[in-house]
Amino acid sequence: MLEHIDIPPTHKKRLVIIGGGFAGMNLAKKIDSKIFQTVLFDKNNYHTFQPLLYQVAGAGLEPESVCSPLRKILKNIKDIHFRMLKVDRVDLDKKVVFTARGTLEYDYLVVASGAKTNFFGNANFKATTLPLKELTDSIALRNHILMSLEASLLEKDPMKRKALRTFVIVGGGPTGVELAGALAELSHHVLPKDYPGIDMKEVTVYLIEGLSRLLSAMSEKAGLHADRDLTRLGVTVMLNTKLNRYDGENLYLEDGTSIAAGTVVWAAGVEAATIDGFPEASMNRKRLNVNDFNQVLMPDGGGCMDSVFALGDCAYMPSPKFERGLPAIAPAAIQQGRFLAKNLFLKESGKPMKPFFYKDKGTMATIGRNLAVADMKNRTVSGFWGWILWMVIHLWFLIGFRNKAVVLVNWMWSYLTYDRGLRIIVPQEVRLIQCQDRGCLVKKNPMAALYSSKPKT
Ligand SMILES: Cc1cc2nc3c(=O)[nH]c(=O)nc-3n(C[C@H](O)[C@H](O)[C@H](O)COP(=O)(O)OP(=O)(O)OC[C@H]3O[C@@H](n4cnc5c(N)ncnc54)[C@H](O)[C@@H]3O)c2cc1C
């Protein structure tokens, strides 16, 4: 029998928020503490600014500068209680959330648990490729890239050596485009100084996309700009390319060809990080169906759950412009979080809630130094001005003055010196994962054997 989680008893309405990301954190910051006692659960004790994770992976930013401790963010908010716990499931009838350390009753529940990497059910890619969704992923990827380069200098076999210097990114969305650009720049400006022994012609970056163009969620013009700029940076962009499987050394494509690569990054998609306890039929594209007030919809047109809401990446809210649901991007999550705080106030004051309208301020992706694309209301801004816009907006949304200052200094340093100061390999345990495809145990980090200090047996 699970115990109750220790939260002070209250006469106020208890609001439980699952997830301190963009949506949950903005809701928590705006909620009226005179009416609500707020309990925020997150499996981590920090908020992650995911748009800059690729820069951590590319040794451009330190991990701490893209994260903020949730307790620090919330320290001036009254009657808020943070518990670092993963919520495993909810009981919607009894209005209780379940965690490994106990249960808690709620009056209002808000699911803001974001998204997780989507491998589309492919166990082989899940076991062998490297994702980029969480802070830990970005550190693991940075380690892997640097370790592969170190190992390549020790490798005698020319084919294996070339493979260790080959980086494949799967998925031509903003994350894939940004990471490909960052790796190409690393190979142009930083690696030649650090690794004079490496023939830079052997350092190859591939960006593989299944559709006919990059940045399919952005304008065609933005996709073409990204393709052209990445190609100029030396990235091999492969469109209309489908994958078969990866064995840790070779990436096999559906057309029968293969690429020998020591690094395959999976940036091909995300799916909602849903919580158990919701009926399957309340989901659409694995996101929780919500109405215009972000209330979770019951299955089969049975109305909505009066006191249960979903926000951000895990909510499916279609609109006339976004028939397949609002985009899974930070501005949508931020706006929904802030708006729900107002609506909960209205609801508790006995007034009708207002419908949410997404203010689409545009989308953007950076490709590299002086290169970015931004789809604004009526036009696409690219090149230098797109890049400036990208930097200003990302600095603006980054949490905390210290982080803004550290990131700005890092960017200025990199711009002036063409250097990246964070090329440290932090030793990490390598997890063993069952690779069903091959019926054997392979290392999650498939090239680990190659850069192991132990002699091969
Ligand atoms: C690599 C990458 C690059 C991106 N680049 C951009 C970009 O350039 N621009 C842009 O607008 N968007 C970008 N996005 C998307 C953007 O980050 C998301 O849309 C946004 O974070 C969604 O906010 P959210 O609050 O819904 O979820 P998140 O910010 O993901 O927050 C979810 C929170 O819930 C917590 N959580 C999850 N499950 C549980 C559980 N069971 N119990 C407790 N806590 C839980 C997580 O720890 C996390 O803190 C990017 C995403 C990634 C991965």
# chains A, B, ... in the order shown; residues from 1 in each chain; ligands from 1

$ residues_near_ligand --ligand "ligand 1" --cutoff "6 Å" --atoms "only C-alpha atoms and all ligand atoms" --output "count of residues only"
36

$ select_by_dssp --residues "region 202-410 of chain A" --states "strand (DSSP E or B)" --output "NGL selection string"
:A and (204-208 or 236-238 or 243-246 or 250-253 or 258-260 or 263-266 or 270-272 or 276 or 283-284 or 287-290 or 295-297 or 304-310 or 315-316 or 363-368 or 371-375 or 380-382)

$ residues_around --residues "Phe384 (chain A)" --least-positions-apart "2" --cutoff "12 Å" --atoms "only C-alpha atoms" --output "PyMOL selection string"
chain A and resi 229+366-374+381-382+386-391

$ write_last_selection --atoms "N, CA and C atoms" --output "PDB file, in the first residue's frame"
ATOM      1  N   ASP A 229      22.291  25.730 -47.637  1.00  0.00           N
ATOM      2  CA  ASP A 229      23.329  26.152 -46.689  1.00  0.00           C
ATOM      3  C   ASP A 229      24.084  24.963 -46.097  1.00  0.00           C
ATOM      4  N   THR A 366      18.346  27.292 -36.937  1.00  0.00           N
ATOM      5  CA  THR A 366      19.652  27.854 -37.298  1.00  0.00           C
ATOM      6  C   THR A 366      20.489  26.760 -37.973  1.00  0.00           C
ATOM      7  N   ILE A 367      21.334  27.190 -38.879  1.00  0.00           N
ATOM      8  CA  ILE A 367      22.134  26.220 -39.636  1.00  0.00           C
ATOM      9  C   ILE A 367      23.599  26.339 -39.245  1.00  0.00           C
ATOM     10  N   GLY A 368      24.004  27.541 -38.877  1.00  0.00           N
ATOM     11  CA  GLY A 368      25.389  27.735 -38.486  1.00  0.00           C
ATOM     12  C   GLY A 368      25.697  29.216 -38.384  1.00  0.00           C
ATOM     13  N   ARG A 369      26.977  29.492 -38.354  1.00  0.00           N
ATOM     14  CA  ARG A 369      27.459  30.869 -38.251  1.00  0.00           C
ATOM     15  C   ARG A 369      26.818  31.752 -39.323  1.00  0.00           C
ATOM     16  N   ASN A 370      26.135  32.792 -38.925  1.00  0.00           N
ATOM     17  CA  ASN A 370      25.474  33.736 -39.840  1.00  0.00           C
ATOM     18  C   ASN A 370      24.385  33.092 -40.708  1.00  0.00           C
ATOM     19  N   LEU A 371      23.952  31.913 -40.346  1.00  0.00           N
ATOM     20  CA  LEU A 371      22.983  31.203 -41.194  1.00  0.00           C
ATOM     21  C   LEU A 371      21.813  30.694 -40.358  1.00  0.00           C
ATOM     22  N   ALA A 372      20.614  31.126 -40.711  1.00  0.00           N
ATOM     23  CA  ALA A 372      19.402  30.584 -40.065  1.00  0.00           C
ATOM     24  C   ALA A 372      18.226  30.856 -40.989  1.00  0.00           C
ATOM     25  N   VAL A 373      17.130  30.160 -40.760  1.00  0.00           N
ATOM     26  CA  VAL A 373      15.900  30.458 -41.497  1.00  0.00           C
ATOM     27  C   VAL A 373      14.783  30.692 -40.486  1.00  0.00           C
ATOM     28  N   ALA A 374      13.971  31.707 -40.747  1.00  0.00           N
ATOM     29  CA  ALA A 374      12.861  32.014 -39.836  1.00  0.00           C
ATOM     30  C   ALA A 374      11.630  32.309 -40.673  1.00  0.00           C
ATOM     31  N   VAL A 381      12.737  34.906 -43.350  1.00  0.00           N
ATOM     32  CA  VAL A 381      13.994  35.639 -43.181  1.00  0.00           C
ATOM     33  C   VAL A 381      15.104  34.597 -43.122  1.00  0.00           C
ATOM     34  N   SER A 382      16.162  34.798 -43.900  1.00  0.00           N
ATOM     35  CA  SER A 382      17.242  33.806 -43.877  1.00  0.00           C
ATOM     36  C   SER A 382      18.590  34.512 -43.751  1.00  0.00           C
ATOM     37  N   GLY A 386      18.307  36.331 -40.212  1.00  0.00           N
ATOM     38  CA  GLY A 386      17.600  35.188 -39.618  1.00  0.00           C
ATOM     39  C   GLY A 386      18.369  34.678 -38.406  1.00  0.00           C
ATOM     40  N   TRP A 387      19.680  34.676 -38.513  1.00  0.00           N
ATOM     41  CA  TRP A 387      20.547  34.172 -37.439  1.00  0.00           C
ATOM     42  C   TRP A 387      20.483  35.090 -36.212  1.00  0.00           C
ATOM     43  N   ILE A 388      20.518  36.412 -36.472  1.00  0.00           N
ATOM     44  CA  ILE A 388      20.420  37.384 -35.362  1.00  0.00           C
ATOM     45  C   ILE A 388      19.077  37.211 -34.646  1.00  0.00           C
ATOM     46  N   LEU A 389      18.027  37.097 -35.459  1.00  0.00           N
ATOM     47  CA  LEU A 389      16.678  36.927 -34.902  1.00  0.00           C
ATOM     48  C   LEU A 389      16.621  35.660 -34.042  1.00  0.00           C
ATOM     49  N   TRP A 390      17.197  34.590 -34.561  1.00  0.00           N
ATOM     50  CA  TRP A 390      17.212  33.308 -33.846  1.00  0.00           C
ATOM     51  C   TRP A 390      17.907  33.467 -32.489  1.00  0.00           C
ATOM     52  N   MET A 391      19.057  34.172 -32.499  1.00  0.00           N
ATOM     53  CA  MET A 391      19.813  34.322 -31.243  1.00  0.00           C
ATOM     54  C   MET A 391      19.042  35.160 -30.231  1.00  0.00           C
TER      55      MET A 391
END

$ select_by_dssp --residues "region 81-202 of chain A" --states "alpha helix (DSSP H)" --output "VMD selection string"
chain A and resid 123 to 128 135 to 154 158 to 164 174 to 185 191 to 194

$ atom_distance --atom1 "CA of Arg213 (chain A)" --atom2 "CA of Thr241 (chain A)"
10.5 Å

$ residues_around --residues "Ile399 (chain A)" --least-positions-apart "2" --cutoff "10 Å" --atoms "only C-alpha atoms" --output "CSV table (one decimal) with all heavy atoms, in the first residue's frame"
chain,number,residue,atom,x,y,z
A,47,HIS,N,14.4,22.5,-15.2
A,47,HIS,CA,13.7,22.7,-16.4
A,47,HIS,C,14.8,22.7,-17.6
A,47,HIS,O,15.8,23.3,-17.4
A,47,HIS,CB,13.1,24.1,-16.4
A,47,HIS,CG,12.6,24.6,-17.7
A,47,HIS,ND1,11.4,24.3,-18.2
A,47,HIS,CD2,13.2,25.5,-18.6
A,47,HIS,CE1,11.3,24.9,-19.4
A,47,HIS,NE2,12.4,25.6,-19.6
A,48,THR,N,14.5,22.1,-18.7
A,48,THR,CA,15.4,22.0,-19.8
A,48,THR,C,15.0,22.9,-20.9
A,48,THR,O,13.8,22.8,-21.4
A,48,THR,CB,15.5,20.5,-20.3
A,48,THR,OG1,15.7,19.7,-19.2
A,48,THR,CG2,16.6,20.4,-21.3
A,49,PHE,N,15.9,23.7,-21.4
A,49,PHE,CA,15.6,24.5,-22.6
A,49,PHE,C,16.1,23.7,-23.8
A,49,PHE,O,17.2,23.8,-24.3
A,49,PHE,CB,16.4,25.8,-22.5
A,49,PHE,CG,16.0,26.8,-23.5
A,49,PHE,CD1,14.9,27.6,-23.3
A,49,PHE,CD2,16.7,27.0,-24.7
A,49,PHE,CE1,14.5,28.5,-24.3
A,49,PHE,CE2,16.3,27.9,-25.7
A,49,PHE,CZ,15.2,28.7,-25.4
A,65,SER,N,24.1,25.5,-18.6
A,65,SER,CA,23.6,26.8,-19.1
A,65,SER,C,22.3,26.6,-19.9
A,65,SER,O,21.7,27.7,-20.2
A,65,SER,CB,24.7,27.5,-20.0
A,65,SER,OG,24.9,26.7,-21.1
A,66,VAL,N,21.8,25.4,-20.2
A,66,VAL,CA,20.5,25.3,-20.9
A,66,VAL,C,19.5,24.7,-19.9
A,66,VAL,O,18.4,24.3,-20.3
A,66,VAL,CB,20.6,24.4,-22.1
A,66,VAL,CG1,21.6,25.0,-23.1
A,66,VAL,CG2,21.0,23.0,-21.8
A,67,CYS,N,19.8,24.6,-18.6
A,67,CYS,CA,18.9,24.1,-17.6
A,67,CYS,C,18.8,25.1,-16.4
A,67,CYS,O,19.7,25.8,-16.2
A,67,CYS,CB,19.4,22.8,-17.1
A,67,CYS,SG,19.3,21.5,-18.3
A,68,SER,N,17.7,25.0,-15.7
A,68,SER,CA,17.5,25.8,-14.5
A,68,SER,C,16.9,25.0,-13.5
A,68,SER,O,15.9,24.3,-13.7
A,68,SER,CB,16.5,27.0,-14.8
A,68,SER,OG,17.2,28.1,-15.3
A,69,PRO,N,17.4,25.1,-12.2
A,69,PRO,CA,16.7,24.3,-11.2
A,69,PRO,C,15.3,24.8,-10.9
A,69,PRO,O,15.0,26.0,-10.8
A,69,PRO,CB,17.6,24.6,-9.9
A,69,PRO,CG,18.8,25.2,-10.4
A,69,PRO,CD,18.5,25.8,-11.8
A,73,ILE,N,13.5,28.5,-9.9
A,73,ILE,CA,12.5,29.3,-10.7
A,73,ILE,C,11.3,29.6,-9.9
A,73,ILE,O,10.7,30.6,-10.0
A,73,ILE,CB,12.1,28.4,-11.9
A,73,ILE,CG1,13.3,28.1,-12.9
A,73,ILE,CG2,11.0,29.0,-12.7
A,73,ILE,CD1,13.0,27.1,-14.0
A,394,HIS,N,16.1,33.2,-28.8
A,394,HIS,CA,16.5,32.1,-27.9
A,394,HIS,C,17.0,32.6,-26.6
A,394,HIS,O,16.7,32.1,-25.5
A,394,HIS,CB,17.5,31.2,-28.6
A,394,HIS,CG,16.8,30.2,-29.5
A,394,HIS,ND1,16.2,30.6,-30.7
A,394,HIS,CD2,16.5,28.9,-29.4
A,394,HIS,CE1,15.7,29.6,-31.3
A,394,HIS,NE2,15.8,28.5,-30.5
A,395,LEU,N,17.7,33.7,-26.6
A,395,LEU,CA,18.2,34.3,-25.4
A,395,LEU,C,17.1,34.8,-24.6
A,395,LEU,O,17.0,34.7,-23.3
A,395,LEU,CB,19.2,35.5,-25.7
A,395,LEU,CG,20.6,35.2,-25.9
A,395,LEU,CD1,21.4,36.4,-26.2
A,395,LEU,CD2,21.2,34.4,-24.7
A,396,TRP,N,16.1,35.4,-25.2
A,396,TRP,CA,14.9,36.0,-24.6
A,396,TRP,C,14.2,34.9,-23.8
A,396,TRP,O,13.8,35.1,-22.6
A,396,TRP,CB,14.0,36.6,-25.6
A,396,TRP,CG,12.7,37.2,-25.0
A,396,TRP,CD1,11.5,36.6,-24.9
A,396,TRP,CD2,12.6,38.5,-24.5
A,396,TRP,NE1,10.6,37.4,-24.4
A,396,TRP,CE2,11.3,38.6,-24.0
A,396,TRP,CE3,13.5,39.6,-24.3
A,396,TRP,CZ2,10.8,39.8,-23.4
A,396,TRP,CZ3,13.0,40.7,-23.6
A,396,TRP,CH2,11.6,40.8,-23.2
A,397,PHE,N,14.0,33.7,-24.4
A,397,PHE,CA,13.2,32.7,-23.7
A,397,PHE,C,14.0,31.8,-22.8
A,397,PHE,O,13.4,31.1,-22.0
A,397,PHE,CB,12.5,31.8,-24.8
A,397,PHE,CG,11.3,32.4,-25.4
A,397,PHE,CD1,11.3,32.9,-26.7
A,397,PHE,CD2,10.2,32.6,-24.6
A,397,PHE,CE1,10.1,33.5,-27.2
A,397,PHE,CE2,9.0,33.1,-25.1
A,397,PHE,CZ,9.0,33.6,-26.4
A,401,PHE,N,18.9,34.9,-15.6
A,401,PHE,CA,19.9,35.9,-16.1
A,401,PHE,C,21.3,35.2,-16.3
A,401,PHE,O,22.0,35.5,-17.2
A,401,PHE,CB,20.0,37.1,-15.1
A,401,PHE,CG,21.0,38.1,-15.5
A,401,PHE,CD1,20.7,39.0,-16.5
A,401,PHE,CD2,22.2,38.1,-14.9
A,401,PHE,CE1,21.7,39.9,-16.9
A,401,PHE,CE2,23.2,39.0,-15.3
A,401,PHE,CZ,22.9,39.9,-16.3
A,402,ARG,N,21.6,34.4,-15.3
A,402,ARG,CA,22.9,33.7,-15.4
A,402,ARG,C,23.1,32.9,-16.7
A,402,ARG,O,24.1,33.0,-17.4
A,402,ARG,CB,23.1,32.8,-14.1
A,402,ARG,CG,24.5,32.2,-14.1
A,402,ARG,CD,24.6,31.2,-12.9
A,402,ARG,NE,25.9,30.6,-13.0
A,402,ARG,CZ,26.2,29.6,-13.9
A,402,ARG,NH1,25.3,29.1,-14.7
A,402,ARG,NH2,27.4,29.0,-13.9
A,403,ASN,N,22.1,32.1,-17.0
A,403,ASN,CA,22.1,31.3,-18.2
A,403,ASN,C,22.2,32.2,-19.4
A,403,ASN,O,23.0,31.9,-20.4
A,403,ASN,CB,20.9,30.4,-18.3
A,403,ASN,CG,20.9,29.2,-17.4
A,403,ASN,OD1,22.0,29.0,-16.8
A,403,ASN,ND2,19.9,28.5,-17.3
A,404,LYS,N,21.4,33.3,-19.4
A,404,LYS,CA,21.5,34.2,-20.6
A,404,LYS,C,22.9,34.7,-20.8
A,404,LYS,O,23.4,34.8,-21.9
A,404,LYS,CB,20.5,35.4,-20.4
A,404,LYS,CG,19.0,35.0,-20.5
A,404,LYS,CD,18.2,36.2,-20.3
A,404,LYS,CE,16.8,36.0,-19.8
A,404,LYS,NZ,15.8,35.5,-20.7

$ residues_around --residues "Val170 (chain A)" --least-positions-apart "2" --cutoff "7 Å" --atoms "only C-alpha atoms" --output "JSON, numbers by chain"
{"A": [168, 172, 176, 207, 208, 209, 265, 266, 267, 268]}

$ residues_around --residues "Asn410 (chain A)" --least-positions-apart "3" --cutoff "8 Å" --atoms "only C-alpha atoms" --output "PDB file with N, CA, C and O atoms, in the first residue's frame"
ATOM      1  N   GLY A  60      29.313  23.287 -27.785  1.00  0.00           N
ATOM      2  CA  GLY A  60      29.247  24.748 -27.828  1.00  0.00           C
ATOM      3  C   GLY A  60      28.779  25.367 -26.519  1.00  0.00           C
ATOM      4  O   GLY A  60      29.107  26.509 -26.213  1.00  0.00           O
ATOM      5  N   LEU A  61      27.974  24.626 -25.749  1.00  0.00           N
ATOM      6  CA  LEU A  61      27.455  25.166 -24.485  1.00  0.00           C
ATOM      7  C   LEU A  61      27.585  24.113 -23.395  1.00  0.00           C
ATOM      8  O   LEU A  61      27.454  22.910 -23.666  1.00  0.00           O
ATOM      9  N   VAL A 406      25.780  33.497 -19.593  1.00  0.00           N
ATOM     10  CA  VAL A 406      26.764  32.447 -19.944  1.00  0.00           C
ATOM     11  C   VAL A 406      26.643  32.083 -21.428  1.00  0.00           C
ATOM     12  O   VAL A 406      27.645  31.963 -22.145  1.00  0.00           O
ATOM     13  N   VAL A 407      25.398  31.931 -21.893  1.00  0.00           N
ATOM     14  CA  VAL A 407      25.197  31.549 -23.301  1.00  0.00           C
ATOM     15  C   VAL A 407      25.693  32.664 -24.226  1.00  0.00           C
ATOM     16  O   VAL A 407      26.395  32.406 -25.213  1.00  0.00           O
ATOM     17  N   TRP A 413      32.277  34.301 -27.745  1.00  0.00           N
ATOM     18  CA  TRP A 413      33.606  33.671 -27.757  1.00  0.00           C
ATOM     19  C   TRP A 413      33.773  32.808 -29.020  1.00  0.00           C
ATOM     20  O   TRP A 413      34.764  32.896 -29.733  1.00  0.00           O
ATOM     21  N   SER A 414      32.752  31.995 -29.279  1.00  0.00           N
ATOM     22  CA  SER A 414      32.816  31.113 -30.450  1.00  0.00           C
ATOM     23  C   SER A 414      32.877  31.938 -31.736  1.00  0.00           C
ATOM     24  O   SER A 414      33.586  31.588 -32.678  1.00  0.00           O
TER      25      SER A 414
END

$ residues_around --residues "Lys347 (chain A)" --least-positions-apart "6" --cutoff "12 Å" --atoms "only C-alpha atoms" --output "ChimeraX atom specification"
/A:13,32,35-36,108,293,306-307,340-341,353-354

$ write_last_selection --atoms "all heavy atoms" --output "compact mmCIF listing (two decimals), in the first residue's frame"
# COMPACT_ATOMS: atom_id res chain seq x y z
N LYS A 13 -8.08 24.93 -3.23
CA LYS A 13 -8.14 23.87 -4.23
C LYS A 13 -6.72 23.42 -4.54
O LYS A 13 -5.83 24.27 -4.70
CB LYS A 13 -8.82 24.39 -5.52
CG LYS A 13 -10.31 24.62 -5.33
CD LYS A 13 -11.05 23.29 -5.29
CE LYS A 13 -12.46 23.39 -4.77
NZ LYS A 13 -13.42 23.88 -5.71
N ASP A 32 -2.87 31.69 -9.39
CA ASP A 32 -3.22 32.54 -8.26
C ASP A 32 -3.10 31.73 -6.96
O ASP A 32 -3.93 30.86 -6.69
CB ASP A 32 -4.65 33.06 -8.44
CG ASP A 32 -4.99 34.13 -7.41
OD1 ASP A 32 -4.41 34.09 -6.31
OD2 ASP A 32 -5.84 34.99 -7.72
N ILE A 35 -5.94 31.23 -4.34
CA ILE A 35 -7.02 30.27 -4.59
C ILE A 35 -6.51 28.83 -4.62
O ILE A 35 -7.21 27.90 -4.23
CB ILE A 35 -7.72 30.58 -5.94
CG1 ILE A 35 -8.23 32.03 -5.95
CG2 ILE A 35 -8.86 29.62 -6.23
CD1 ILE A 35 -8.89 32.44 -7.24
N PHE A 36 -5.27 28.67 -5.13
CA PHE A 36 -4.77 27.30 -5.37
C PHE A 36 -3.54 26.97 -4.54
O PHE A 36 -2.64 27.81 -4.40
CB PHE A 36 -4.40 27.12 -6.85
CG PHE A 36 -5.56 27.25 -7.78
CD1 PHE A 36 -5.82 28.44 -8.43
CD2 PHE A 36 -6.40 26.17 -8.00
CE1 PHE A 36 -6.89 28.56 -9.30
CE2 PHE A 36 -7.48 26.27 -8.86
CZ PHE A 36 -7.73 27.48 -9.51
N TYR A 108 -7.63 19.70 -9.15
CA TYR A 108 -7.39 19.90 -10.58
C TYR A 108 -6.09 19.20 -10.95
O TYR A 108 -5.10 19.27 -10.21
CB TYR A 108 -7.23 21.40 -10.91
CG TYR A 108 -8.52 22.18 -10.83
CD1 TYR A 108 -8.78 22.99 -9.73
CD2 TYR A 108 -9.46 22.10 -11.85
CE1 TYR A 108 -9.96 23.72 -9.66
CE2 TYR A 108 -10.64 22.82 -11.78
CZ TYR A 108 -10.89 23.62 -10.68
OH TYR A 108 -12.06 24.33 -10.62
N PHE A 293 -10.40 24.74 -24.13
CA PHE A 293 -10.00 25.20 -22.79
C PHE A 293 -8.90 24.31 -22.23
O PHE A 293 -8.59 24.38 -21.04
CB PHE A 293 -11.21 25.18 -21.84
CG PHE A 293 -12.42 25.86 -22.42
CD1 PHE A 293 -13.52 25.11 -22.82
CD2 PHE A 293 -12.45 27.23 -22.59
CE1 PHE A 293 -14.64 25.73 -23.37
CE2 PHE A 293 -13.57 27.86 -23.14
CZ PHE A 293 -14.65 27.10 -23.54
N ASP A 306 -13.96 17.60 -16.48
CA ASP A 306 -14.11 18.97 -15.98
C ASP A 306 -12.83 19.51 -15.33
O ASP A 306 -12.48 20.67 -15.51
CB ASP A 306 -15.27 18.99 -14.97
CG ASP A 306 -15.60 20.41 -14.58
OD1 ASP A 306 -15.84 21.22 -15.50
OD2 ASP A 306 -15.57 20.72 -13.37
N SER A 307 -12.11 18.66 -14.60
CA SER A 307 -10.99 19.18 -13.82
C SER A 307 -9.64 18.60 -14.26
O SER A 307 -8.67 18.65 -13.52
CB SER A 307 -11.22 18.88 -12.34
OG SER A 307 -11.47 17.50 -12.19
N LEU A 340 -3.97 28.94 -19.24
CA LEU A 340 -4.73 28.08 -18.32
C LEU A 340 -4.77 28.69 -16.91
O LEU A 340 -5.77 28.55 -16.20
CB LEU A 340 -4.15 26.66 -18.28
CG LEU A 340 -4.94 25.68 -17.41
CD1 LEU A 340 -6.39 25.55 -17.89
CD2 LEU A 340 -4.29 24.31 -17.38
N ALA A 341 -3.69 29.38 -16.52
CA ALA A 341 -3.69 30.02 -15.20
C ALA A 341 -4.87 31.01 -15.12
O ALA A 341 -5.59 31.06 -14.10
CB ALA A 341 -2.37 30.74 -14.97
N MET A 353 -14.89 30.00 -18.63
CA MET A 353 -13.51 30.05 -19.14
C MET A 353 -13.53 30.55 -20.57
O MET A 353 -14.55 30.50 -21.26
CB MET A 353 -12.91 28.64 -19.09
CG MET A 353 -12.72 28.11 -17.69
SD MET A 353 -11.66 26.66 -17.64
CE MET A 353 -12.70 25.43 -18.38
N LYS A 354 -12.37 31.06 -21.00
CA LYS A 354 -12.27 31.58 -22.37
C LYS A 354 -11.53 30.58 -23.26
O LYS A 354 -10.60 29.92 -22.77
CB LYS A 354 -11.51 32.91 -22.38
CG LYS A 354 -12.26 33.99 -21.66
CD LYS A 354 -11.55 35.31 -21.76
CE LYS A 354 -12.39 36.37 -21.06
NZ LYS A 354 -11.62 37.55 -20.74

$ atom_distance --atom1 "CA of Thr129 (chain A)" --atom2 "CA of Val264 (chain A)"
5.2 Å

$ atom_distance --atom1 "CA of Thr166 (chain A)" --atom2 "CA of Leu211 (chain A)"
22.3 Å

$ closest_residue --among "A:Lys162, A:Arg14, A:Arg287, A:Lys242" --to "Leu40 (chain A)" --atoms "only C-alpha atoms"
A:Arg14
